[in-house]
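Source file: entry17.cif (mmCIF, C-alpha atoms, pLDDT in the B column; chains and numbers go by the auth columns)
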```
data_final
loop_
_atom_site.group_PDB
_atom_site.id
_atom_site.type_symbol
_atom_site.label_atom_id
_atom_site.label_comp_id
_atom_site.label_asym_id
_atom_site.label_seq_id
_atom_site.Cartn_x
_atom_site.Cartn_y
_atom_site.Cartn_z
_atom_site.B_iso_or_equiv
_atom_site.auth_seq_id
_atom_site.auth_asym_id
ATOM 1 C CA MET A 1 0.000 0.000 0.000 66.00 1 A
ATOM 2 C CA TYR A 2 1.209 3.461 -0.884 76.00 2 A
ATOM 3 C CA ASP A 3 0.162 7.053 -0.410 84.00 3 A
ATOM 4 C CA ILE A 4 -0.881 8.016 -3.916 90.00 4 A
ATOM 5 C CA ASP A 5 -1.701 11.708 -4.126 95.00 5 A
ATOM 6 C CA LYS A 6 -1.944 12.565 -7.817 96.00 6 A
ATOM 7 C CA GLU A 7 -0.947 16.214 -7.509 97.00 7 A
ATOM 8 C CA THR A 8 2.084 15.324 -5.404 97.00 8 A
ATOM 9 C CA ARG A 9 3.248 12.602 -7.826 97.00 9 A
ATOM 10 C CA VAL A 10 2.797 14.879 -10.851 98.00 10 A
ATOM 11 C CA ALA A 11 4.673 17.718 -9.144 98.00 11 A
ATOM 12 C CA LYS A 12 7.460 15.365 -8.099 98.00 12 A
ATOM 13 C CA ALA A 13 7.906 13.978 -11.626 98.00 13 A
ATOM 14 C CA ARG A 14 7.956 17.479 -13.114 98.00 14 A
ATOM 15 C CA ALA A 15 10.477 18.628 -10.513 98.00 15 A
ATOM 16 C CA PHE A 16 12.761 15.712 -11.349 98.00 16 A
ATOM 17 C CA PHE A 17 12.624 16.699 -15.000 97.00 17 A
ATOM 18 C CA ARG A 18 13.464 20.324 -14.166 96.00 18 A
ATOM 19 C CA GLU A 19 16.456 19.044 -12.172 96.00 19 A
ATOM 20 C CA GLY A 20 17.812 17.509 -15.388 95.00 20 A
ATOM 21 C CA TRP A 21 16.639 13.892 -15.212 97.00 21 A
ATOM 22 C CA ASN A 22 15.333 12.436 -18.470 97.00 22 A
ATOM 23 C CA CYS A 23 11.629 11.746 -19.076 97.00 23 A
ATOM 24 C CA CYS A 24 11.760 8.074 -18.133 98.00 24 A
ATOM 25 C CA GLN A 25 13.785 8.734 -14.998 98.00 25 A
ATOM 26 C CA SER A 26 11.456 11.549 -13.944 98.00 26 A
ATOM 27 C CA VAL A 27 8.302 9.458 -14.228 98.00 27 A
ATOM 28 C CA ALA A 28 9.769 6.309 -12.664 98.00 28 A
ATOM 29 C CA MET A 29 11.574 8.146 -9.843 98.00 29 A
ATOM 30 C CA ALA A 30 8.269 9.716 -8.788 98.00 30 A
ATOM 31 C CA TYR A 31 7.165 6.127 -8.060 97.00 31 A
ATOM 32 C CA ALA A 32 10.398 4.777 -6.563 97.00 32 A
ATOM 33 C CA ASP A 33 8.478 3.692 -3.460 95.00 33 A
ATOM 34 C CA VAL A 34 6.081 1.631 -5.599 95.00 34 A
ATOM 35 C CA LEU A 35 9.090 0.082 -7.356 95.00 35 A
ATOM 36 C CA GLY A 36 10.551 -0.681 -3.931 94.00 36 A
ATOM 37 C CA LEU A 37 13.846 0.983 -4.818 97.00 37 A
ATOM 38 C CA PRO A 38 15.748 4.106 -3.835 98.00 38 A
ATOM 39 C CA GLU A 39 15.353 6.986 -6.296 97.00 39 A
ATOM 40 C CA LYS A 40 19.019 6.751 -7.298 98.00 40 A
ATOM 41 C CA SER A 41 18.610 3.068 -8.230 98.00 41 A
ATOM 42 C CA VAL A 42 15.547 3.885 -10.308 98.00 42 A
ATOM 43 C CA ALA A 43 17.527 6.660 -12.018 98.00 43 A
ATOM 44 C CA LYS A 44 20.219 4.148 -12.964 98.00 44 A
ATOM 45 C CA LEU A 45 17.752 1.606 -14.342 97.00 45 A
ATOM 46 C CA ALA A 46 15.826 4.215 -16.320 98.00 46 A
ATOM 47 C CA SER A 47 18.820 6.177 -17.621 97.00 47 A
ATOM 48 C CA GLY A 48 18.976 4.684 -21.128 96.00 48 A
ATOM 49 C CA PHE A 49 15.298 5.171 -21.909 97.00 49 A
ATOM 50 C CA GLY A 50 15.387 8.972 -22.209 95.00 50 A
ATOM 51 C CA GLY A 51 15.015 10.615 -25.589 94.00 51 A
ATOM 52 C CA GLY A 52 12.946 7.732 -26.883 94.00 52 A
ATOM 53 C CA PHE A 53 15.612 5.097 -26.104 94.00 53 A
ATOM 54 C CA GLY A 54 18.973 6.846 -25.954 94.00 54 A
ATOM 55 C CA ARG A 55 17.892 9.787 -28.157 92.00 55 A
ATOM 56 C CA LEU A 56 16.779 7.468 -30.948 93.00 56 A
ATOM 57 C CA ARG A 57 13.420 9.267 -30.635 94.00 57 A
ATOM 58 C CA GLU A 58 11.397 6.059 -30.622 94.00 58 A
ATOM 59 C CA VAL A 59 8.989 5.223 -27.723 97.00 59 A
ATOM 60 C CA CYS A 60 8.688 8.282 -25.484 98.00 60 A
ATOM 61 C CA GLY A 61 10.600 8.019 -22.217 98.00 61 A
ATOM 62 C CA CYS A 62 7.403 8.867 -20.331 98.00 62 A
ATOM 63 C CA VAL A 63 5.795 5.695 -21.661 98.00 63 A
ATOM 64 C CA SER A 64 8.943 3.748 -20.766 98.00 64 A
ATOM 65 C CA GLY A 65 8.724 5.145 -17.234 98.00 65 A
ATOM 66 C CA MET A 66 5.108 4.023 -16.930 98.00 66 A
ATOM 67 C CA THR A 67 6.172 0.606 -18.246 98.00 67 A
ATOM 68 C CA LEU A 68 8.806 0.265 -15.523 97.00 68 A
ATOM 69 C CA VAL A 69 6.204 1.043 -12.874 97.00 69 A
ATOM 70 C CA ALA A 70 3.740 -1.379 -14.512 96.00 70 A
ATOM 71 C CA GLY A 71 6.159 -4.162 -13.608 94.00 71 A
ATOM 72 C CA ALA A 72 5.755 -3.299 -9.943 93.00 72 A
ATOM 73 C CA ILE A 73 1.966 -3.008 -10.154 93.00 73 A
ATOM 74 C CA VAL A 74 1.410 -6.235 -12.087 94.00 74 A
ATOM 75 C CA SER A 75 4.595 -8.264 -11.930 92.00 75 A
ATOM 76 C CA ALA A 76 5.547 -10.912 -14.440 94.00 76 A
ATOM 77 C CA ASP A 77 8.541 -12.404 -12.676 93.00 77 A
ATOM 78 C CA ASP A 78 8.059 -16.040 -13.651 95.00 78 A
ATOM 79 C CA PRO A 79 8.563 -16.744 -17.367 94.00 79 A
ATOM 80 C CA SER A 80 6.216 -19.719 -17.236 97.00 80 A
ATOM 81 C CA ASP A 81 3.343 -17.638 -15.803 97.00 81 A
ATOM 82 C CA ARG A 82 1.550 -16.641 -18.989 96.00 82 A
ATOM 83 C CA GLU A 83 -1.369 -15.115 -17.051 97.00 83 A
ATOM 84 C CA ALA A 84 0.939 -12.717 -15.249 96.00 84 A
ATOM 85 C CA ARG A 85 2.704 -11.790 -18.483 96.00 85 A
ATOM 86 C CA THR A 86 -0.648 -11.206 -20.159 97.00 86 A
ATOM 87 C CA ALA A 87 -1.812 -9.014 -17.264 96.00 87 A
ATOM 88 C CA ASN A 88 1.439 -7.030 -17.331 96.00 88 A
ATOM 89 C CA TYR A 89 1.276 -6.499 -21.082 97.00 89 A
ATOM 90 C CA ALA A 90 -2.386 -5.476 -20.797 97.00 90 A
ATOM 91 C CA LEU A 91 -1.443 -2.843 -18.213 97.00 91 A
ATOM 92 C CA VAL A 92 1.399 -1.538 -20.389 97.00 92 A
ATOM 93 C CA GLN A 93 -1.016 -1.303 -23.326 97.00 93 A
ATOM 94 C CA GLU A 94 -3.562 0.482 -21.131 97.00 94 A
ATOM 95 C CA PHE A 95 -0.942 3.062 -20.145 97.00 95 A
ATOM 96 C CA ALA A 96 0.202 3.498 -23.758 98.00 96 A
ATOM 97 C CA ASP A 97 -3.395 3.876 -24.949 98.00 97 A
ATOM 98 C CA ALA A 98 -4.158 6.521 -22.304 98.00 98 A
ATOM 99 C CA TYR A 99 -0.990 8.436 -23.198 98.00 99 A
ATOM 100 C CA ARG A 100 -1.692 8.173 -26.940 98.00 100 A
ATOM 101 C CA LYS A 101 -5.273 9.356 -26.390 98.00 101 A
ATOM 102 C CA GLU A 102 -3.987 12.504 -24.662 96.00 102 A
ATOM 103 C CA ASN A 103 -1.098 13.209 -27.047 96.00 103 A
ATOM 104 C CA GLY A 104 -1.850 11.531 -30.363 96.00 104 A
ATOM 105 C CA SER A 105 1.298 9.391 -30.201 97.00 105 A
ATOM 106 C CA ILE A 106 3.703 7.519 -27.959 98.00 106 A
ATOM 107 C CA ILE A 107 6.651 8.173 -30.301 96.00 107 A
ATOM 108 C CA CYS A 108 9.157 10.759 -29.073 95.00 108 A
ATOM 109 C CA ARG A 109 9.985 12.269 -32.481 93.00 109 A
ATOM 110 C CA GLU A 110 6.299 12.730 -33.274 94.00 110 A
ATOM 111 C CA LEU A 111 5.600 14.337 -29.910 95.00 111 A
ATOM 112 C CA LEU A 112 8.517 16.727 -30.466 93.00 112 A
ATOM 113 C CA GLY A 113 7.631 17.430 -34.115 91.00 113 A
ATOM 114 C CA LEU A 114 11.012 16.197 -35.351 88.00 114 A
ATOM 115 C CA ASN A 115 11.739 14.905 -38.832 75.00 115 A
ATOM 116 C CA GLY A 116 11.591 11.133 -38.936 69.00 116 A
ATOM 117 C CA GLY A 117 14.660 9.116 -39.764 67.00 117 A
ATOM 118 C CA LEU A 118 17.249 11.695 -38.725 70.00 118 A
ATOM 119 C CA ARG A 119 19.526 10.200 -36.119 75.00 119 A
ATOM 120 C CA GLU A 120 20.577 12.588 -33.387 81.00 120 A
ATOM 121 C CA ALA A 121 23.906 12.589 -31.622 84.00 121 A
ATOM 122 C CA PRO A 122 23.811 10.775 -28.289 88.00 122 A
ATOM 123 C CA GLN A 123 24.773 13.942 -26.388 88.00 123 A
ATOM 124 C CA PRO A 124 21.789 15.228 -24.408 87.00 124 A
ATOM 125 C CA SER A 125 20.509 18.732 -25.044 87.00 125 A
ATOM 126 C CA GLU A 126 21.570 21.570 -22.767 87.00 126 A
ATOM 127 C CA ARG A 127 18.812 22.295 -20.275 89.00 127 A
ATOM 128 C CA THR A 128 18.416 25.999 -20.944 86.00 128 A
ATOM 129 C CA ALA A 129 15.397 28.275 -20.608 88.00 129 A
ATOM 130 C CA GLU A 130 14.946 27.908 -24.383 88.00 130 A
ATOM 131 C CA TYR A 131 14.974 24.111 -24.080 87.00 131 A
ATOM 132 C CA TYR A 132 12.160 24.173 -21.519 85.00 132 A
ATOM 133 C CA ARG A 133 10.230 26.756 -23.550 86.00 133 A
ATOM 134 C CA LYS A 134 10.229 24.742 -26.795 88.00 134 A
ATOM 135 C CA ARG A 135 9.870 21.191 -25.442 90.00 135 A
ATOM 136 C CA PRO A 136 6.606 19.694 -24.170 95.00 136 A
ATOM 137 C CA CYS A 137 8.520 17.127 -22.105 96.00 137 A
ATOM 138 C CA GLU A 138 7.863 18.553 -18.649 97.00 138 A
ATOM 139 C CA GLU A 139 4.139 18.609 -19.365 97.00 139 A
ATOM 140 C CA LEU A 140 4.292 15.052 -20.760 98.00 140 A
ATOM 141 C CA VAL A 141 6.196 13.821 -17.700 98.00 141 A
ATOM 142 C CA GLY A 142 3.457 15.234 -15.489 98.00 142 A
ATOM 143 C CA MET A 143 0.761 13.675 -17.635 98.00 143 A
ATOM 144 C CA ALA A 144 2.399 10.242 -17.437 98.00 144 A
ATOM 145 C CA ALA A 145 2.784 10.528 -13.666 98.00 145 A
ATOM 146 C CA GLY A 146 -0.917 11.419 -13.506 98.00 146 A
ATOM 147 C CA ILE A 147 -1.920 8.390 -15.576 98.00 147 A
ATOM 148 C CA LEU A 148 -0.008 6.179 -13.151 97.00 148 A
ATOM 149 C CA ALA A 149 -1.623 7.852 -10.142 96.00 149 A
ATOM 150 C CA ASP A 150 -5.111 7.413 -11.596 95.00 150 A
ATOM 151 C CA LYS A 151 -4.473 3.693 -12.116 94.00 151 A
ATOM 152 C CA LEU A 152 -3.012 3.147 -8.656 92.00 152 A
ATOM 153 C CA ILE A 153 -5.910 5.036 -7.073 91.00 153 A
ATOM 154 C CA SER A 154 -8.415 2.953 -9.077 90.00 154 A
ATOM 155 C CA LEU A 155 -6.718 -0.206 -7.817 87.00 155 A
ATOM 156 C CA ASP A 156 -6.936 1.197 -4.287 78.00 156 A
ATOM 157 C CA ILE A 157 -3.232 0.647 -3.691 65.00 157 A
ATOM 158 C CA GLN A 158 -2.951 3.292 -0.982 52.00 158 A
ATOM 159 C CA LYS A 159 -2.133 3.356 2.693 45.00 159 A
#
```

Please lay out the structure from this file as structure tokens.
Amino acid sequence: MYDIDKETRVAKARAFFREGWNCCQSVAMAYADVLGLPEKSVAKLASGFGGGFGRLREVCGCVSGMTLVAGAIVSADDPSDREARTANYALVQEFADAYRKENGSIICRELLGLNGGLREAPQPSERTAEYYRKRPCEELVGMAAGILADKLISLDIQK
């Protein structure tokens, strides 16, 4: 059981992003307690998923962050347990569908309005005032954290 206050989780995820963490890290770190891990451990596990998988601009890091948390909500930790795997995949698809419904896509490059097929350098962008002004990422991080909160509240997984 966890204390799931939606506004607090959204604010926490957005604050992580403003501190310089990537989208996946920001969403997942806001739920470190649900994952049963320290925030720093979650940051390590989620580090490669930013920028749509290492700046490949594929699946949005926010969706990857929700996927990490889905593993804690509905675990599939036995490869022979097809029911658990099905339930986990269903939850991941539910999160992706909710995110897509709000944003029109779960693909990073589409969300950012970037040209498809152009590979970016692996170096992360400088976090300047201009960066935050032109990128929707902070808003998307908050939205993903809110989707997770809504699901956890609906499952009544609170203290």

**Study point:** Residues returned when the PyMOL selection byres ((chain A and resi 56-64) around 8) runs on this file, as an MDAnalysis selection string
**Key:** chainID A and resid 22:25 27 49:55 65:68 95:96 99 106:109 119:120 140:141 144

Exercise for review: Run the PyMOL selection byres ((chain A and resi 8) around 12) on the file and write out the hits as an MDAnalysis selection string.
Suggested key: chainID A and resid 3:7 9:15 30:31 142 145:146 149

**Study point:** Sel. within 12 Å of pt (-5.2, 2.8, -8.6), counting all atoms listed in the file, output as a PyMOL selection string
**Key:** chain A and resi 1-6+34+70+73-74+91+146-159

Exercise for review: Write out as a PyMOL selection string each polymer residue whose atoms come within 7 Å of Met29 of chain A, counting only C-alpha atoms; drop sequence neighbours fewer than 5 positions from it.
Suggested key: chain A and resi 39+42-43

Practice item. Quick one: everything within 12 Å of Tyr132 of chain A, counting all atoms listed in the file, minus sequence neighbours fewer than 6 positions away in the same chain. Send it as a VMD selection string. Key: chain A and resid 14 17 to 20 125 to 126 138 to 139

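You will find atom CA of Cys137 of chain A at 15.7 Å from atom CA of Ser47 of chain A.
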
**Study point:** Distance of atom CA of Ser105 of chain A from atom CA of Glu130 of chain A, expressed in Å to one decimal place
**Key:**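 Distance reported for this atom pair: 23.7 Å.
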
Would you compute, for all listed atoms of segment 118-126 of chain A, the axis-aligned bounding box grown by 4 Å on each side, and then report its centre and edge lengths in Å rounded to one decimal, as JSON?
```
{"center_x": 21.0, "center_y": 15.9, "center_z": -30.7, "size_x": 15.5, "size_y": 19.4, "size_z": 24.0}
```

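Atom pair atom CA of Gly36 of chain A / atom CA of Val69 of chain A: separated by 10.1 Å.
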
Practice item. Excluding Lys134 of chain A and any residue of its chain fewer than 5 positions from it, enumerate the residues within 12 Å of it, using only C-alpha atoms, and give them as a ChimeraX atom specification. Key: /A:111-113,127-129,139

So that I can check the surroundings of segment 84-90 of chain A, please list as a compact mmCIF listing (two decimals) with C-alpha atoms, in the frame of the given file every protein, DNA and RNA residue that reaches within 9 Å of it, counting only C-alpha atoms and ignoring chain neighbours fewer than 3 positions away.
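After the write, part_23.txt holds the following:
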```
# COMPACT_ATOMS: atom_id res chain seq x y z
CA ALA A 70 3.74 -1.38 -14.51
CA GLY A 71 6.16 -4.16 -13.61
CA ILE A 73 1.97 -3.01 -10.15
CA VAL A 74 1.41 -6.24 -12.09
CA SER A 75 4.60 -8.26 -11.93
CA ALA A 76 5.55 -10.91 -14.44
CA ASP A 77 8.54 -12.40 -12.68
CA ASP A 78 8.06 -16.04 -13.65
CA PRO A 79 8.56 -16.74 -17.37
CA SER A 80 6.22 -19.72 -17.24
CA ASP A 81 3.34 -17.64 -15.80
CA GLN A 93 -1.02 -1.30 -23.33
CA GLU A 94 -3.56 0.48 -21.13
CA PHE A 95 -0.94 3.06 -20.14
```

Review point. Nearest to Glu102 of chain A among A:Met143, A:Phe16, A:Leu114, A:Ala32, with distances taken over only C-alpha atoms: which residue is it?
Key: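 The shortest atom-to-atom distance to Glu102 of chain A comes from A:Met143.
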